[in-house]
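First comes the structure, then the notes that go with it.
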Amino acid sequence: MKNTTFLIVEDEDLTREVLRKTLLGLNYKNILTCKNGFEAIDIVRKDKIDICIMDIELNDKLDGVDTAKIIGDKTKIIFTSGHKESDTFKRISETNSHGFLSKPITSQMVQQAVELALSAKS
């Protein structure tokens, strides 16, 4: 579905831009971005977001997992992180997670995660 709308939630400018360009390279055009959980919640409430690619460790009062819990089932979420602690995975399992990308992220990883999320039932 190339008309899929994405939201990238990433506090690091470079990583956010790399993810945006990766999705553009995969021929996705509807890409919104933001830097923190509060902005993400506002965007998801206003717009129909099909897939949210969300960093777990946002430099904010809300991390990615807490943000996902507030968003609930309004969108499919693919988490990203450079860390792989077991308690983080436990927290992720309590959300509407449709994937996990371990940093550094490649284009192939993004493509596979997006395809899986799109094929999953809501």
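Going by the structure tokens order, chains are called A, B, ..., each with residues numbered from 1, while ligands are numbered from 1 in the order shown.
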
Closest contacts (segment 1-32 of chain A/segment 106-112 of chain A, max 12 Å, only C-alpha atoms) as JSON lines:
```
{"residue": "A:Lys2", "atom": "CA", "partner": "A:Gln111", "partner_atom": "CA", "distance": 12.0}
{"residue": "A:Ile8", "atom": "CA", "partner": "A:Val110", "partner_atom": "CA", "distance": 11.9}
{"residue": "A:Thr15", "atom": "CA", "partner": "A:Thr106", "partner_atom": "CA", "distance": 11.3}
{"residue": "A:Val18", "atom": "CA", "partner": "A:Ser107", "partner_atom": "CA", "distance": 9.4}
{"residue": "A:Leu19", "atom": "CA", "partner": "A:Val110", "partner_atom": "CA", "distance": 8.3}
{"residue": "A:Arg20", "atom": "CA", "partner": "A:Val110", "partner_atom": "CA", "distance": 10.7}
{"residue": "A:Lys21", "atom": "CA", "partner": "A:Ser107", "partner_atom": "CA", "distance": 9.5}
{"residue": "A:Thr22", "atom": "CA", "partner": "A:Ser107", "partner_atom": "CA", "distance": 5.9}
{"residue": "A:Leu23", "atom": "CA", "partner": "A:Val110", "partner_atom": "CA", "distance": 7.9}
{"residue": "A:Leu24", "atom": "CA", "partner": "A:Ser107", "partner_atom": "CA", "distance": 10.5}
{"residue": "A:Gly25", "atom": "CA", "partner": "A:Ser107", "partner_atom": "CA", "distance": 8.5}
{"residue": "A:Leu26", "atom": "CA", "partner": "A:Gln111", "partner_atom": "CA", "distance": 7.3}
{"residue": "A:Asn27", "atom": "CA", "partner": "A:Gln111", "partner_atom": "CA", "distance": 10.6}
{"residue": "A:Tyr28", "atom": "CA", "partner": "A:Gln111", "partner_atom": "CA", "distance": 10.6}
```

Take the residues from that selection and write them out as a PDB file, in the first residue's frame, keeping C-alpha atoms.
```pdb
ATOM      1  CA  LYS A   2       1.972   2.969  -1.229  1.00  0.00           C
ATOM      2  CA  ILE A   8       8.123   8.787  12.487  1.00  0.00           C
ATOM      3  CA  THR A  15      17.917   9.307  12.504  1.00  0.00           C
ATOM      4  CA  VAL A  18      17.313   8.767   7.524  1.00  0.00           C
ATOM      5  CA  LEU A  19      14.051   6.942   8.300  1.00  0.00           C
ATOM      6  CA  ARG A  20      12.078   9.475   6.247  1.00  0.00           C
ATOM      7  CA  LYS A  21      14.413   9.095   3.266  1.00  0.00           C
ATOM      8  CA  THR A  22      14.313   5.308   3.625  1.00  0.00           C
ATOM      9  CA  LEU A  23      10.511   5.323   3.378  1.00  0.00           C
ATOM     10  CA  LEU A  24      10.670   7.701   0.413  1.00  0.00           C
ATOM     11  CA  GLY A  25      13.138   5.312  -1.230  1.00  0.00           C
ATOM     12  CA  LEU A  26      10.593   2.532  -0.750  1.00  0.00           C
ATOM     13  CA  ASN A  27       8.093   4.717  -2.659  1.00  0.00           C
ATOM     14  CA  TYR A  28       6.031   5.756   0.356  1.00  0.00           C
TER      15      TYR A  28
END
```

**Report entry** Nearest to Ile31 of chain A by atom-to-atom distance, counting only C-alpha atoms, from A:Ile51, A:Ala113, A:Ile70, A:Leu7
**Finding:** A:Leu7

Report task. Can you list, as number ranges by chain, all residues belonging to chain A that DSSP tags as strand (DSSP E)? Result -> A: 5-9, 30-34, 51-55, 76-81, 97-102

Writer output for current selection, N, CA and C atoms, as a PDB file, in the first residue's frame:
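Here's the written file again_39.pdb:
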```
ATOM      1  N   THR A   5       0.045   6.001   5.314  1.00  0.00           N
ATOM      2  CA  THR A   5       0.530   7.189   6.012  1.00  0.00           C
ATOM      3  C   THR A   5       1.366   6.759   7.216  1.00  0.00           C
ATOM      4  N   PHE A   6       2.569   7.295   7.284  1.00  0.00           N
ATOM      5  CA  PHE A   6       3.511   6.979   8.340  1.00  0.00           C
ATOM      6  C   PHE A   6       3.701   8.171   9.266  1.00  0.00           C
ATOM      7  N   LEU A   7       3.999   7.861  10.510  1.00  0.00           N
ATOM      8  CA  LEU A   7       4.468   8.862  11.462  1.00  0.00           C
ATOM      9  C   LEU A   7       5.778   8.347  12.035  1.00  0.00           C
ATOM     10  N   ILE A   8       6.830   9.129  11.891  1.00  0.00           N
ATOM     11  CA  ILE A   8       8.123   8.787  12.487  1.00  0.00           C
ATOM     12  C   ILE A   8       8.279   9.632  13.739  1.00  0.00           C
ATOM     13  N   VAL A   9       8.464   8.961  14.884  1.00  0.00           N
ATOM     14  CA  VAL A   9       8.654   9.646  16.162  1.00  0.00           C
ATOM     15  C   VAL A   9      10.082   9.353  16.615  1.00  0.00           C
ATOM     16  N   ASN A  30       3.490   9.525   2.005  1.00  0.00           N
ATOM     17  CA  ASN A  30       2.775  10.185   3.096  1.00  0.00           C
ATOM     18  C   ASN A  30       3.511   9.942   4.408  1.00  0.00           C
ATOM     19  N   ILE A  31       4.437  10.831   4.720  1.00  0.00           N
ATOM     20  CA  ILE A  31       5.304  10.640   5.883  1.00  0.00           C
ATOM     21  C   ILE A  31       5.279  11.896   6.747  1.00  0.00           C
ATOM     22  N   LEU A  32       4.807  11.741   7.960  1.00  0.00           N
ATOM     23  CA  LEU A  32       4.835  12.815   8.947  1.00  0.00           C
ATOM     24  C   LEU A  32       5.936  12.498   9.948  1.00  0.00           C
ATOM     25  N   THR A  33       6.512  13.519  10.551  1.00  0.00           N
ATOM     26  CA  THR A  33       7.556  13.296  11.548  1.00  0.00           C
ATOM     27  C   THR A  33       7.325  14.189  12.754  1.00  0.00           C
ATOM     28  N   CYS A  34       7.839  13.751  13.880  1.00  0.00           N
ATOM     29  CA  CYS A  34       7.834  14.578  15.080  1.00  0.00           C
ATOM     30  C   CYS A  34       8.958  14.120  16.007  1.00  0.00           C
ATOM     31  N   ILE A  51       0.930   3.504  10.112  1.00  0.00           N
ATOM     32  CA  ILE A  51       2.077   2.920  10.810  1.00  0.00           C
ATOM     33  C   ILE A  51       2.890   4.028  11.462  1.00  0.00           C
ATOM     34  N   CYS A  52       3.207   3.814  12.715  1.00  0.00           N
ATOM     35  CA  CYS A  52       4.047   4.732  13.468  1.00  0.00           C
ATOM     36  C   CYS A  52       5.369   4.026  13.749  1.00  0.00           C
ATOM     37  N   ILE A  53       6.462   4.620  13.318  1.00  0.00           N
ATOM     38  CA  ILE A  53       7.799   4.100  13.634  1.00  0.00           C
ATOM     39  C   ILE A  53       8.308   4.952  14.778  1.00  0.00           C
ATOM     40  N   MET A  54       8.422   4.333  15.963  1.00  0.00           N
ATOM     41  CA  MET A  54       8.651   5.097  17.187  1.00  0.00           C
ATOM     42  C   MET A  54       9.904   4.643  17.940  1.00  0.00           C
ATOM     43  N   ASP A  55      10.768   5.610  18.199  1.00  0.00           N
ATOM     44  CA  ASP A  55      11.931   5.369  19.050  1.00  0.00           C
ATOM     45  C   ASP A  55      11.453   5.130  20.477  1.00  0.00           C
ATOM     46  N   LYS A  76      -0.686   1.074  13.986  1.00  0.00           N
ATOM     47  CA  LYS A  76       0.284  -0.006  14.188  1.00  0.00           C
ATOM     48  C   LYS A  76       1.621   0.642  14.502  1.00  0.00           C
ATOM     49  N   ILE A  77       2.314   0.097  15.490  1.00  0.00           N
ATOM     50  CA  ILE A  77       3.568   0.704  15.929  1.00  0.00           C
ATOM     51  C   ILE A  77       4.737  -0.247  15.702  1.00  0.00           C
ATOM     52  N   ILE A  78       5.774   0.289  15.076  1.00  0.00           N
ATOM     53  CA  ILE A  78       7.060  -0.408  14.948  1.00  0.00           C
ATOM     54  C   ILE A  78       8.036   0.373  15.805  1.00  0.00           C
ATOM     55  N   PHE A  79       8.573  -0.287  16.829  1.00  0.00           N
ATOM     56  CA  PHE A  79       9.509   0.383  17.739  1.00  0.00           C
ATOM     57  C   PHE A  79      10.925   0.317  17.200  1.00  0.00           C
ATOM     58  N   THR A  80      11.728   1.318  17.560  1.00  0.00           N
ATOM     59  CA  THR A  80      13.155   1.318  17.252  1.00  0.00           C
ATOM     60  C   THR A  80      13.932   1.585  18.534  1.00  0.00           C
ATOM     61  N   SER A  81      15.109   0.995  18.627  1.00  0.00           N
ATOM     62  CA  SER A  81      15.975   1.256  19.778  1.00  0.00           C
ATOM     63  C   SER A  81      17.364   0.702  19.513  1.00  0.00           C
ATOM     64  N   SER A  97       2.247  -3.209  19.493  1.00  0.00           N
ATOM     65  CA  SER A  97       3.487  -3.327  18.728  1.00  0.00           C
ATOM     66  C   SER A  97       3.319  -4.280  17.547  1.00  0.00           C
ATOM     67  N   HIS A  98       3.823  -3.839  16.400  1.00  0.00           N
ATOM     68  CA  HIS A  98       3.825  -4.659  15.195  1.00  0.00           C
ATOM     69  C   HIS A  98       5.244  -4.864  14.676  1.00  0.00           C
ATOM     70  N   GLY A  99       6.224  -4.642  15.547  1.00  0.00           N
ATOM     71  CA  GLY A  99       7.592  -4.880  15.124  1.00  0.00           C
ATOM     72  C   GLY A  99       8.597  -4.119  15.962  1.00  0.00           C
ATOM     73  N   PHE A 100       9.857  -4.516  15.794  1.00  0.00           N
ATOM     74  CA  PHE A 100      10.968  -3.888  16.500  1.00  0.00           C
ATOM     75  C   PHE A 100      12.152  -3.822  15.553  1.00  0.00           C
ATOM     76  N   LEU A 101      12.743  -2.641  15.440  1.00  0.00           N
ATOM     77  CA  LEU A 101      13.937  -2.448  14.630  1.00  0.00           C
ATOM     78  C   LEU A 101      15.086  -2.062  15.549  1.00  0.00           C
ATOM     79  N   SER A 102      16.135  -2.853  15.504  1.00  0.00           N
ATOM     80  CA  SER A 102      17.312  -2.586  16.316  1.00  0.00           C
ATOM     81  C   SER A 102      18.262  -1.676  15.545  1.00  0.00           C
TER      82      SER A 102
END
```

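Closest approach to Asp87 of chain A among A:Val44, A:Val65, A:Leu58, A:Leu116 is made by A:Val65 (distances from only C-alpha atoms).
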
Query raised in the report: Where does DSSP see helix (DSSP H, G or I) in chain A, if you list the residues as JSON, numbers by chain?
Result: {"A": [13, 14, 15, 16, 17, 18, 19, 20, 21, 22, 23, 24, 25, 37, 38, 39, 40, 41, 42, 43, 44, 45, 46, 64, 65, 66, 67, 68, 69, 70, 71, 72, 73, 74, 86, 87, 88, 89, 90, 91, 92, 107, 108, 109, 110, 111, 112, 113, 114, 115, 116, 117, 118, 119]}

Filtering to C-alpha atoms, could you give me those residues as a compact mmCIF listing (two decimals), in the first residue's frame?
```txt
# COMPACT_ATOMS: atom_id res chain seq x y z
CA ASP A 13 17.25 14.71 13.80
CA LEU A 14 19.63 12.61 11.71
CA THR A 15 17.92 9.31 12.50
CA ARG A 16 14.50 10.83 11.83
CA GLU A 17 15.68 12.10 8.44
CA VAL A 18 17.31 8.77 7.52
CA LEU A 19 14.05 6.94 8.30
CA ARG A 20 12.08 9.48 6.25
CA LYS A 21 14.41 9.10 3.27
CA THR A 22 14.31 5.31 3.63
CA LEU A 23 10.51 5.32 3.38
CA LEU A 24 10.67 7.70 0.41
CA GLY A 25 13.14 5.31 -1.23
CA GLY A 37 5.55 11.63 22.41
CA PHE A 38 3.28 14.60 23.04
CA GLU A 39 3.50 15.68 19.38
CA ALA A 40 2.89 12.08 18.30
CA ILE A 41 -0.28 11.81 20.39
CA ASP A 42 -1.60 15.06 18.88
CA ILE A 43 -0.86 13.92 15.33
CA VAL A 44 -2.47 10.50 15.80
CA ARG A 45 -5.58 12.13 17.24
CA LYS A 46 -5.87 14.49 14.24
CA GLY A 64 8.05 5.65 23.17
CA VAL A 65 6.41 2.84 25.11
CA ASP A 66 4.38 5.21 27.28
CA THR A 67 3.38 7.14 24.17
CA ALA A 68 2.27 3.92 22.47
CA LYS A 69 0.14 3.00 25.48
CA ILE A 70 -1.66 6.36 25.24
CA ILE A 71 -2.12 6.03 21.47
CA GLY A 72 -3.56 2.56 21.97
CA ASP A 73 -4.82 0.75 18.90
CA LYS A 74 -5.23 3.86 16.71
CA SER A 86 14.47 -7.70 28.49
CA ASP A 87 12.36 -5.32 30.61
CA THR A 88 11.99 -3.09 27.54
CA PHE A 89 10.64 -5.99 25.51
CA LYS A 90 8.21 -6.79 28.31
CA ARG A 91 6.93 -3.20 28.24
CA ILE A 92 6.64 -3.34 24.44
CA SER A 107 16.48 -0.08 4.44
CA GLN A 108 15.85 -3.82 4.19
CA MET A 109 14.92 -3.98 7.89
CA VAL A 110 12.43 -1.12 7.45
CA GLN A 111 10.92 -2.70 4.34
CA GLN A 112 10.43 -6.07 6.05
CA ALA A 113 8.95 -4.53 9.19
CA VAL A 114 6.56 -2.34 7.20
CA GLU A 115 5.42 -5.26 5.03
CA LEU A 116 4.75 -7.37 8.13
CA ALA A 117 2.86 -4.58 9.83
CA LEU A 118 0.75 -3.93 6.73
CA SER A 119 -0.13 -7.60 6.39
```

Query - Using only C-alpha atoms: which of A:Asn36, A:Asp11, A:Thr75, A:Leu62 has the shortest distance to Lys121 of chain A - result: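 Under the stated criterion, the closest residue is A:Thr75.
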
Requested in this report: Just give me the gap between atom CA of Thr4 of chain A and atom CA of Gly82 of chain A in Å, one decimal is fine.
Outcome: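 Going from atom CA of Thr4 of chain A over to atom CA of Gly82 of chain A, I get 25.9 Å.
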